[in-house]
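Structure file final.cif with mmCIF, C-alpha atoms:
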data_my_file
loop_
_atom_site.label_atom_id
_atom_site.label_comp_id
_atom_site.auth_asym_id
_atom_site.auth_seq_id
_atom_site.Cartn_x
_atom_site.Cartn_y
_atom_site.Cartn_z
CA MET A 13 22.26 -81.58 -7.72
CA THR A 14 22.14 -85.23 -6.87
CA ASN A 15 19.75 -87.05 -4.59
CA GLU A 16 18.43 -90.39 -3.26
CA PRO A 17 14.82 -91.47 -2.61
CA ILE A 18 13.68 -92.31 0.86
CA ALA A 19 11.53 -95.33 0.22
CA ALA A 20 8.07 -95.33 1.71
CA THR A 21 7.07 -98.37 3.70
CA ASN A 22 5.71 -101.28 1.71
CA ALA A 23 2.24 -100.51 2.96
CA ALA A 24 2.44 -96.87 1.96
CA ALA A 25 3.83 -97.75 -1.45
CA ALA A 26 1.02 -100.23 -1.96
CA ASN A 27 -1.55 -97.62 -1.00
CA VAL A 28 -0.13 -95.18 -3.53
CA ALA A 29 -0.05 -97.83 -6.26
CA VAL A 30 -3.70 -98.61 -5.60
CA ALA A 31 -4.48 -94.91 -5.55
CA ASN A 32 -2.86 -94.20 -8.91
CA THR A 33 -4.44 -97.31 -10.41
CA ALA A 34 -7.85 -96.09 -9.30
CA ALA A 35 -7.15 -92.73 -10.87
CA ALA A 36 -6.21 -94.36 -14.15
CA GLU A 37 -9.33 -96.51 -14.21
CA GLN A 38 -11.55 -93.45 -13.99
CA THR A 39 -10.08 -91.63 -16.98
CA THR A 40 -9.23 -92.81 -20.49
CA ARG A 41 -6.26 -90.48 -20.64
CA ALA A 42 -5.64 -88.05 -17.81
CA THR A 43 -4.42 -85.44 -20.25
CA GLY A 44 -7.96 -85.14 -21.55
CA ALA A 45 -7.44 -86.56 -25.03
CA SER A 46 -11.00 -87.90 -25.02
CA GLN A 47 -12.20 -84.27 -24.87
CA GLY A 48 -9.74 -82.92 -27.43
CA THR A 49 -6.16 -81.67 -27.30
CA PRO A 50 -4.71 -81.89 -23.76
CA VAL A 51 -4.39 -78.65 -21.80
CA TRP A 52 -1.39 -77.99 -19.57
CA LEU A 53 -0.72 -75.27 -16.98
CA ILE A 54 2.96 -75.06 -16.09
CA THR A 55 4.50 -72.73 -13.51
CA GLY A 56 8.01 -71.33 -13.80
CA CYS A 57 8.31 -71.44 -17.60
CA SER A 58 10.83 -68.65 -18.07
CA SER A 59 13.77 -71.06 -18.25
CA GLY A 60 15.08 -74.50 -17.35
CA LEU A 61 12.88 -77.54 -16.98
CA GLY A 62 9.64 -75.55 -17.03
CA ARG A 63 10.54 -73.96 -20.35
CA ALA A 64 11.65 -77.29 -21.82
CA LEU A 65 8.42 -78.95 -20.73
CA ALA A 66 6.28 -76.18 -22.20
CA GLU A 67 8.16 -76.38 -25.50
CA HIS A 68 7.83 -80.17 -25.58
CA ALA A 69 4.08 -80.12 -24.96
CA LEU A 70 3.56 -77.43 -27.60
CA ARG A 71 5.69 -79.24 -30.18
CA ARG A 72 3.55 -82.34 -29.86
CA GLY A 73 0.39 -80.32 -30.44
CA ASP A 74 -0.94 -79.84 -26.91
CA ARG A 75 -2.31 -76.57 -25.55
CA VAL A 76 -0.29 -74.91 -22.82
CA ALA A 77 -0.71 -72.03 -20.41
CA VAL A 78 2.91 -70.92 -20.05
CA THR A 79 3.36 -68.92 -16.88
CA ALA A 80 6.05 -66.94 -15.12
CA ARG A 81 6.36 -63.97 -12.80
CA ASP A 82 7.55 -61.92 -15.78
CA VAL A 83 5.03 -62.58 -18.54
CA ALA A 84 7.25 -60.77 -21.05
CA SER A 85 9.63 -63.74 -20.90
CA MET A 86 6.81 -65.90 -22.32
CA THR A 87 5.60 -63.75 -25.21
CA GLY A 88 8.01 -65.14 -27.81
CA LEU A 89 7.17 -68.73 -26.95
CA ALA A 90 3.45 -68.03 -26.99
CA ALA A 91 3.60 -66.13 -30.28
CA ALA A 92 5.42 -69.01 -31.97
CA HIS A 93 2.56 -71.41 -31.25
CA GLY A 94 -0.50 -69.30 -32.00
CA ASP A 95 -3.71 -70.12 -30.21
CA ARG A 96 -2.28 -73.27 -28.60
CA ALA A 97 -0.17 -71.21 -26.20
CA LEU A 98 -1.36 -68.73 -23.61
CA ALA A 99 1.20 -66.55 -21.80
CA LEU A 100 0.10 -65.64 -18.28
CA ARG A 101 1.62 -63.87 -15.33
CA LEU A 102 1.71 -66.21 -12.36
CA ASP A 103 3.66 -65.59 -9.16
CA VAL A 104 3.10 -68.56 -6.84
CA THR A 105 3.56 -66.27 -3.82
CA ASP A 106 0.71 -64.02 -5.00
CA SER A 107 -2.60 -65.86 -4.58
CA ALA A 108 -4.51 -63.32 -6.70
CA SER A 109 -2.21 -63.92 -9.68
CA VAL A 110 -2.55 -67.70 -9.23
CA THR A 111 -6.35 -67.53 -9.22
CA ALA A 112 -6.37 -65.19 -12.21
CA ALA A 113 -4.06 -67.45 -14.21
CA ALA A 114 -6.06 -70.61 -13.48
CA GLU A 115 -9.30 -68.85 -14.42
CA ALA A 116 -7.79 -67.44 -17.61
CA CYS A 117 -6.58 -70.89 -18.66
CA GLU A 118 -9.99 -72.43 -18.00
CA LYS A 119 -11.70 -69.62 -19.91
CA GLU A 120 -9.38 -69.87 -22.92
CA PHE A 121 -9.03 -73.65 -23.18
CA GLY A 122 -12.06 -74.91 -21.26
CA ARG A 123 -10.19 -76.91 -18.64
CA ILE A 124 -6.81 -77.87 -17.20
CA ASP A 125 -5.84 -81.50 -17.76
CA VAL A 126 -2.22 -81.39 -16.59
CA LEU A 127 -0.82 -79.18 -13.84
CA VAL A 128 2.94 -78.95 -13.44
CA ASN A 129 4.18 -77.23 -10.29
CA ASN A 130 7.68 -76.35 -11.42
CA ALA A 131 8.39 -72.91 -9.93
CA GLY A 132 11.08 -73.05 -7.27
CA TYR A 133 14.73 -72.36 -6.50
CA GLY A 134 17.66 -73.41 -4.35
CA TYR A 135 19.26 -71.80 -1.30
CA LEU A 136 22.77 -72.35 0.03
CA ALA A 137 23.52 -72.05 3.74
CA ALA A 138 24.52 -74.19 6.67
CA VAL A 139 21.47 -74.61 8.89
CA GLU A 140 22.89 -72.17 11.46
CA GLU A 141 23.72 -69.69 8.68
CA GLY A 142 20.19 -69.54 7.28
CA GLU A 143 18.61 -66.09 7.35
CA ASP A 144 15.03 -66.07 8.60
CA ALA A 145 13.50 -63.88 5.88
CA ALA A 146 15.25 -65.78 3.10
CA VAL A 147 14.16 -69.14 4.51
CA ARG A 148 10.53 -67.96 4.75
CA ASP A 149 10.71 -66.73 1.14
CA LEU A 150 12.05 -70.14 0.10
CA TYR A 151 9.14 -71.93 1.79
CA ASP A 152 6.65 -69.47 0.33
CA THR A 153 7.76 -70.42 -3.18
CA ASN A 154 8.76 -74.09 -2.90
CA VAL A 155 5.97 -75.27 -0.57
CA HIS A 156 3.21 -72.75 0.10
CA GLY A 157 3.21 -71.65 -3.54
CA VAL A 158 2.57 -75.21 -4.68
CA VAL A 159 -0.39 -75.46 -2.29
CA THR A 160 -1.82 -72.19 -3.61
CA VAL A 161 -1.67 -73.43 -7.20
CA LEU A 162 -3.13 -76.82 -6.26
CA LYS A 163 -6.10 -75.17 -4.57
CA ALA A 164 -6.75 -73.05 -7.65
CA VAL A 165 -6.67 -75.97 -10.10
CA LEU A 166 -8.08 -78.93 -8.16
CA PRO A 167 -11.75 -77.79 -8.16
CA GLY A 168 -11.91 -78.05 -11.95
CA MET A 169 -10.16 -81.42 -11.99
CA ARG A 170 -12.50 -82.73 -9.30
CA ALA A 171 -15.53 -81.54 -11.24
CA ARG A 172 -14.31 -83.37 -14.36
CA ARG A 173 -13.10 -86.41 -12.40
CA SER A 174 -9.91 -86.29 -14.47
CA GLY A 175 -6.43 -84.86 -14.25
CA ARG A 176 -2.70 -85.25 -13.83
CA ILE A 177 -0.58 -83.32 -11.35
CA VAL A 178 3.21 -83.30 -11.63
CA ASN A 179 5.05 -81.72 -8.71
CA ILE A 180 8.68 -81.04 -9.49
CA SER A 181 10.61 -82.23 -6.47
CA SER A 182 14.27 -83.23 -6.62
CA PHE A 183 16.65 -86.01 -5.82
CA GLY A 184 17.13 -83.63 -2.89
CA GLY A 185 13.64 -84.55 -1.73
CA LEU A 186 14.93 -88.02 -0.93
CA THR A 187 18.30 -87.35 0.67
CA ALA A 188 20.21 -84.39 2.05
CA PHE A 189 23.67 -82.84 1.94
CA ALA A 190 25.50 -80.06 3.76
CA ALA A 191 24.72 -76.48 2.68
CA THR A 192 21.32 -77.24 1.15
CA GLY A 193 19.40 -78.20 4.27
CA TYR A 194 16.65 -75.62 3.83
CA TYR A 195 16.16 -76.52 0.17
CA HIS A 196 15.97 -80.20 1.13
CA ALA A 197 13.45 -79.36 3.83
CA THR A 198 11.13 -77.77 1.26
CA LYS A 199 11.42 -80.75 -1.06
CA PHE A 200 10.92 -83.26 1.76
CA ALA A 201 7.75 -81.31 2.61
CA LEU A 202 6.63 -81.47 -1.02
CA GLU A 203 7.20 -85.23 -1.09
CA GLY A 204 4.99 -85.84 1.94
CA LEU A 205 2.33 -83.42 0.73
CA SER A 206 2.22 -85.06 -2.69
CA GLU A 207 2.01 -88.60 -1.34
CA SER A 208 -0.96 -87.64 0.84
CA LEU A 209 -2.57 -85.76 -2.04
CA ALA A 210 -2.20 -88.80 -4.31
CA ALA A 211 -4.20 -90.93 -1.89
CA GLU A 212 -6.88 -88.26 -1.51
CA VAL A 213 -7.54 -87.49 -5.17
CA ALA A 214 -7.13 -90.95 -6.72
CA PRO A 215 -10.82 -91.88 -6.23
CA LEU A 216 -11.65 -88.66 -8.10
CA GLY A 217 -9.77 -89.70 -11.25
CA ILE A 218 -6.69 -87.57 -10.55
CA ALA A 219 -3.15 -88.95 -10.37
CA VAL A 220 -0.10 -87.31 -8.80
CA THR A 221 3.54 -87.77 -9.76
CA LEU A 222 6.67 -86.42 -8.09
CA ALA A 223 9.41 -85.74 -10.63
CA GLU A 224 12.80 -86.06 -8.92
CA PRO A 225 15.60 -84.73 -11.12
CA GLY A 226 19.25 -85.15 -10.41
CA GLY A 227 21.60 -82.52 -11.80
CA LEU A 228 19.97 -80.97 -14.85
CA ARG A 229 21.93 -78.50 -16.96
CA THR A 230 19.82 -75.49 -16.02
CA GLN A 231 20.47 -72.33 -14.02
CA TRP A 232 19.44 -73.99 -10.73
CA ALA A 233 23.03 -73.78 -9.46
CA GLY A 234 23.72 -70.62 -11.46
CA THR A 235 21.73 -67.41 -11.72
CA SER A 236 18.70 -68.93 -9.98
CA MET A 237 20.61 -69.94 -6.85
CA ARG A 238 20.35 -67.87 -3.68
CA GLN A 239 22.61 -68.11 -0.66
CA SER A 240 23.04 -66.64 2.79
CA ARG A 241 25.42 -63.77 3.33
CA THR A 242 26.41 -65.30 6.66
CA ARG A 243 29.48 -67.57 6.53
CA LEU A 244 30.61 -69.15 9.80
CA PRO A 245 34.22 -70.42 9.89
CA ASP A 246 33.27 -73.61 11.75
CA TYR A 247 31.28 -74.78 8.72
CA GLU A 248 33.81 -73.98 6.00
CA GLN A 249 34.98 -77.61 5.71
CA THR A 250 31.40 -78.93 5.39
CA ALA A 251 28.75 -76.49 4.20
CA GLY A 252 31.33 -74.03 2.90
CA ARG A 253 33.06 -76.58 0.69
CA ARG A 254 29.76 -77.84 -0.63
CA ARG A 255 28.58 -74.32 -1.40
CA SER A 256 31.59 -73.89 -3.64
CA ALA A 257 31.18 -77.31 -5.24
CA THR A 258 27.49 -76.70 -5.95
CA LEU A 259 28.13 -73.37 -7.65
CA ALA A 260 31.08 -74.79 -9.60
CA VAL A 261 28.96 -77.54 -11.18
CA SER A 262 26.66 -75.05 -12.92
CA GLY A 263 26.82 -75.66 -16.67
CA ARG A 264 28.44 -79.07 -16.20
CA GLN A 265 25.51 -81.10 -14.83
CA PRO A 266 24.92 -84.46 -16.56
CA GLY A 267 21.15 -84.15 -16.96
CA ASP A 268 19.39 -82.82 -20.07
CA PRO A 269 16.25 -80.75 -19.28
CA VAL A 270 14.86 -81.43 -22.77
CA ARG A 271 15.06 -85.19 -22.29
CA ALA A 272 13.74 -84.85 -18.74
CA ALA A 273 10.74 -82.96 -20.11
CA ALA A 274 10.06 -85.75 -22.60
CA ALA A 275 10.19 -88.32 -19.80
CA ILE A 276 7.69 -86.36 -17.73
CA ALA A 277 5.32 -86.03 -20.69
CA ALA A 278 5.58 -89.78 -21.33
CA VAL A 279 4.57 -90.49 -17.74
CA VAL A 280 1.65 -88.06 -17.95
CA ASP A 281 0.29 -90.09 -20.87
CA THR A 282 0.40 -93.44 -19.12
CA GLU A 283 -2.66 -95.09 -17.64
CA ASN A 284 -0.93 -95.72 -14.33
CA PRO A 285 1.71 -93.07 -13.67
CA PRO A 286 4.19 -93.67 -10.86
CA LEU A 287 4.11 -91.62 -7.70
CA ARG A 288 7.84 -90.97 -8.12
CA LEU A 289 9.89 -90.55 -11.29
CA LEU A 290 13.65 -90.22 -10.90
CA LEU A 291 15.26 -88.24 -13.71
CA GLY A 292 18.91 -88.83 -14.57
CA SER A 293 21.49 -91.53 -13.96
CA ASP A 294 22.95 -89.60 -11.02
CA ALA A 295 19.55 -89.55 -9.32
CA LEU A 296 19.12 -93.27 -9.98
CA ALA A 297 22.53 -94.20 -8.55
CA GLY A 298 22.07 -91.96 -5.54
CA ALA A 299 18.60 -93.33 -4.85
CA ARG A 300 19.87 -96.87 -4.81
CA THR A 301 22.70 -95.89 -2.47
CA ARG A 302 20.22 -94.19 -0.14
CA LEU A 303 17.94 -97.22 -0.14
CA ASP A 304 20.83 -99.53 0.70
CA ARG A 305 21.85 -97.28 3.59
CA LEU A 306 18.27 -97.05 4.85
CA HIS A 307 17.79 -100.82 4.70
CA ASN A 308 21.05 -101.32 6.58
CA GLU A 309 20.06 -98.86 9.31
CA ILE A 310 16.66 -100.52 9.71
CA ASP A 311 18.13 -104.02 9.88
CA THR A 312 20.95 -103.00 12.25
CA ASN A 313 18.53 -101.48 14.75
CA GLU A 314 15.67 -103.96 14.39
CA THR A 315 15.94 -105.33 17.94
CA LEU A 316 16.06 -101.87 19.50
CA THR A 317 13.18 -100.74 17.27
CA ARG A 318 10.97 -103.62 18.39
CA SER A 319 11.84 -102.94 22.04
CA ALA A 320 9.61 -99.85 21.94
CA ASP A 321 6.43 -101.99 21.72
CA LEU A 322 4.29 -102.55 24.80
CA ALA A 323 5.45 -105.57 26.77
CA GLN A 324 3.49 -108.71 25.98
CA ALA A 325 1.42 -110.06 28.87
#
Would you encode the structure as structure tokens?
Amino acid sequence: MTNEPIAATNAAAANVAVANTAAAEQTTRATGASQGTPVWLITGCSSGLGRALAEHALRRGDRVAVTARDVASMTGLAAAHGDRALALRLDVTDSASVTAAAEACEKEFGRIDVLVNNAGYGYLAAVEEGEDAAVRDLYDTNVHGVVTVLKAVLPGMRARRSGRIVNISSFGGLTAFAATGYYHATKFALEGLSESLAAEVAPLGIAVTLAEPGGLRTQWAGTSMRQSRTRLPDYEQTAGRRRSATLAVSGRQPGDPVRAAAAIAAVVDTENPPLRLLLGSDALAGARTRLDRLHNEIDTNETLTRSADLAQA
């Protein structure tokens, strides 16, 4: 899908820049190169971007805990890379499996240098069409699951005063469209959570990056997509049409998950990683359009905005 970033205020952006700079200054390379081969833990490695990122890290010689709900989907990848790959069952909605996977990675490799929260999926429905149980499941994976993994991995990173966290958001964490409101809501939540986390962990030598892909040629809009059974006629020209368009684009997206994985790895290696990394020309174009619209709205309503201040004596 395509997206556009909601720019933080200048003050907030400055705070994050300072935060990530502080994190970089406290570690020679957040991936842990000074202690040996970097160690990654990646969620959602069965396919798509997670799989591509795991393969990229392994090809360049890093050590990777490749995780998925179905560990059998990881055995071939792990076997091909010997003792540098560790296949683990990890369901982000099952806290026991998250704790077990983090502990197994630490036991096998000694630490976790890079955490990638990639597990997640999309959901199609007009807001009124959303089914309560399905929406809760979506939040449990896309938001609460990320928090569960963070809480399992952060203690080790804090103890070592070193680490990189990459939370896979979306261009849809910066703007919103009809039919994907609940998905956008989870990614907007992840954006705010990650920005706060970045400020909190920077003094501890840990940096946080939000990866914001546009349309990658994965199964996000295909077999991974979920949608409500409810279809209300009043929304057929808005949410209904976009449902169809979203499903139709599967297999024709412009973004390459392999190249996106390489871009994420390159950012992980930098001394001062950005808080946000857009991935794909569609995400870049959409982000600029969103920023222009936001600036225009702010400027247009400046007088009314200022009118909310207390009256000057």
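Relative to atom CA of A:Leu150, atom CA of A:Tyr135 is found at 7.5 Å.
Comparing A:Ile54, A:Ala295, A:Leu65, A:Leu70 by their smallest distance to A:Arg101, the closest is A:Ile54 (using all atoms listed in the file).
Distance annotation: of A:Arg81, A:His196, A:Gly226, A:Glu67, the residue with the minimal separation from A:Ala299 is A:Gly226; atom set is all atoms listed in the file.
You can rank A:Arg255, A:Arg238, A:Arg243, A:Arg172 by their closest distance to A:Ile218 using only C-alpha atoms, and at the top of that list sits A:Arg172.
Minimum atom-to-atom distances from A:Leu102, A:Ala251, A:Val213, A:Ala97 to A:Asp82 were compared using all atoms listed in the file, and the lowest value belongs to A:Leu102.
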Requested in this report: Could you give me, as a PyMOL selection string, the residues within 8 Å of A:Ala131, counting all atoms listed in the file and dropping anything in the same chain fewer than 5 positions from it?
Outcome: chain A and resi 55-57+62+104+153-154
Query raised in the report: What does the distance from atom CA of A:Gly48 to atom CA of A:Arg173 come to in Å, to one decimal?
Result: 15.8 Å
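Atom CA of A:Val110 sits 7.0 Å away from atom CA of A:Ala164.
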Requested in this report: Run through the PyMOL selection byres ((chain A and resi 266) around 10) on the given coordinates and return the selected residues as a PyMOL selection string.
Outcome: chain A and resi 13+226-229+261+263-265+267-269+292-294
**Report entry** Target residues per the PyMOL selection byres ((chain A and resi 225) around 6), formatted as a list in words
**Finding:** Ser182, Phe183, Glu224, Gly226, Leu290 and Leu291 of chain A
Report task. Check what the PyMOL selection byres ((chain A and resi 162) around 10) selects in the file above and give those residues as a PyMOL selection string. Result -> chain A and resi 110+114+127-129+156-161+163-167+177+179+209
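Considering all atoms listed in the file, the residue among A:Ser181, A:Asn313, A:Thr187, A:Ser240 positioned nearest to A:Ser206 is A:Ser181.
Closest to A:Asp74 among A:Gly142, A:Gly94, A:Gly175, A:Pro50 is A:Pro50, based on only C-alpha atoms.
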Query - Non-local contacts of A:Thr192 (8 Å; only C-alpha atoms; under 6 positions in same chain excluded) as a list in words - result: Gly134, Tyr135, Leu136, Ala137 and Ala138 of chain A
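For stretch 115-124 of chain A, the set of protein, DNA and RNA residues having any atom at most 10 Å away, when counting all atoms listed in the file and skipping those fewer than 5 positions along the same chain, is Thr43, Gly44, Gln47, Thr49, Pro50, Val51, Trp52, Leu53, Arg75, Val76, Ala77, Val78, Asp95, Arg96, Ala97, Leu98, Ala99, Leu100, Ser109, Val110, Ala164, Val165, Leu166, Gly168, Met169, Arg172, Ser174, Gly175 and Arg176 of chain A.
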Convert the current residue selection to file output with C-alpha atoms, as a PDB file, in the coordinates of the input.
ATOM      1  CA  THR A  43      -4.420 -85.440 -20.250  1.00  0.00           C
ATOM      2  CA  GLY A  44      -7.960 -85.140 -21.550  1.00  0.00           C
ATOM      3  CA  GLN A  47     -12.200 -84.270 -24.870  1.00  0.00           C
ATOM      4  CA  THR A  49      -6.160 -81.670 -27.300  1.00  0.00           C
ATOM      5  CA  PRO A  50      -4.710 -81.890 -23.760  1.00  0.00           C
ATOM      6  CA  VAL A  51      -4.390 -78.650 -21.800  1.00  0.00           C
ATOM      7  CA  TRP A  52      -1.390 -77.990 -19.570  1.00  0.00           C
ATOM      8  CA  LEU A  53      -0.720 -75.270 -16.980  1.00  0.00           C
ATOM      9  CA  ARG A  75      -2.310 -76.570 -25.550  1.00  0.00           C
ATOM     10  CA  VAL A  76      -0.290 -74.910 -22.820  1.00  0.00           C
ATOM     11  CA  ALA A  77      -0.710 -72.030 -20.410  1.00  0.00           C
ATOM     12  CA  VAL A  78       2.910 -70.920 -20.050  1.00  0.00           C
ATOM     13  CA  ASP A  95      -3.710 -70.120 -30.210  1.00  0.00           C
ATOM     14  CA  ARG A  96      -2.280 -73.270 -28.600  1.00  0.00           C
ATOM     15  CA  ALA A  97      -0.170 -71.210 -26.200  1.00  0.00           C
ATOM     16  CA  LEU A  98      -1.360 -68.730 -23.610  1.00  0.00           C
ATOM     17  CA  ALA A  99       1.200 -66.550 -21.800  1.00  0.00           C
ATOM     18  CA  LEU A 100       0.100 -65.640 -18.280  1.00  0.00           C
ATOM     19  CA  SER A 109      -2.210 -63.920  -9.680  1.00  0.00           C
ATOM     20  CA  VAL A 110      -2.550 -67.700  -9.230  1.00  0.00           C
ATOM     21  CA  ALA A 164      -6.750 -73.050  -7.650  1.00  0.00           C
ATOM     22  CA  VAL A 165      -6.670 -75.970 -10.100  1.00  0.00           C
ATOM     23  CA  LEU A 166      -8.080 -78.930  -8.160  1.00  0.00           C
ATOM     24  CA  GLY A 168     -11.910 -78.050 -11.950  1.00  0.00           C
ATOM     25  CA  MET A 169     -10.160 -81.420 -11.990  1.00  0.00           C
ATOM     26  CA  ARG A 172     -14.310 -83.370 -14.360  1.00  0.00           C
ATOM     27  CA  SER A 174      -9.910 -86.290 -14.470  1.00  0.00           C
ATOM     28  CA  GLY A 175      -6.430 -84.860 -14.250  1.00  0.00           C
ATOM     29  CA  ARG A 176      -2.700 -85.250 -13.830  1.00  0.00           C
TER      30      ARG A 176
END
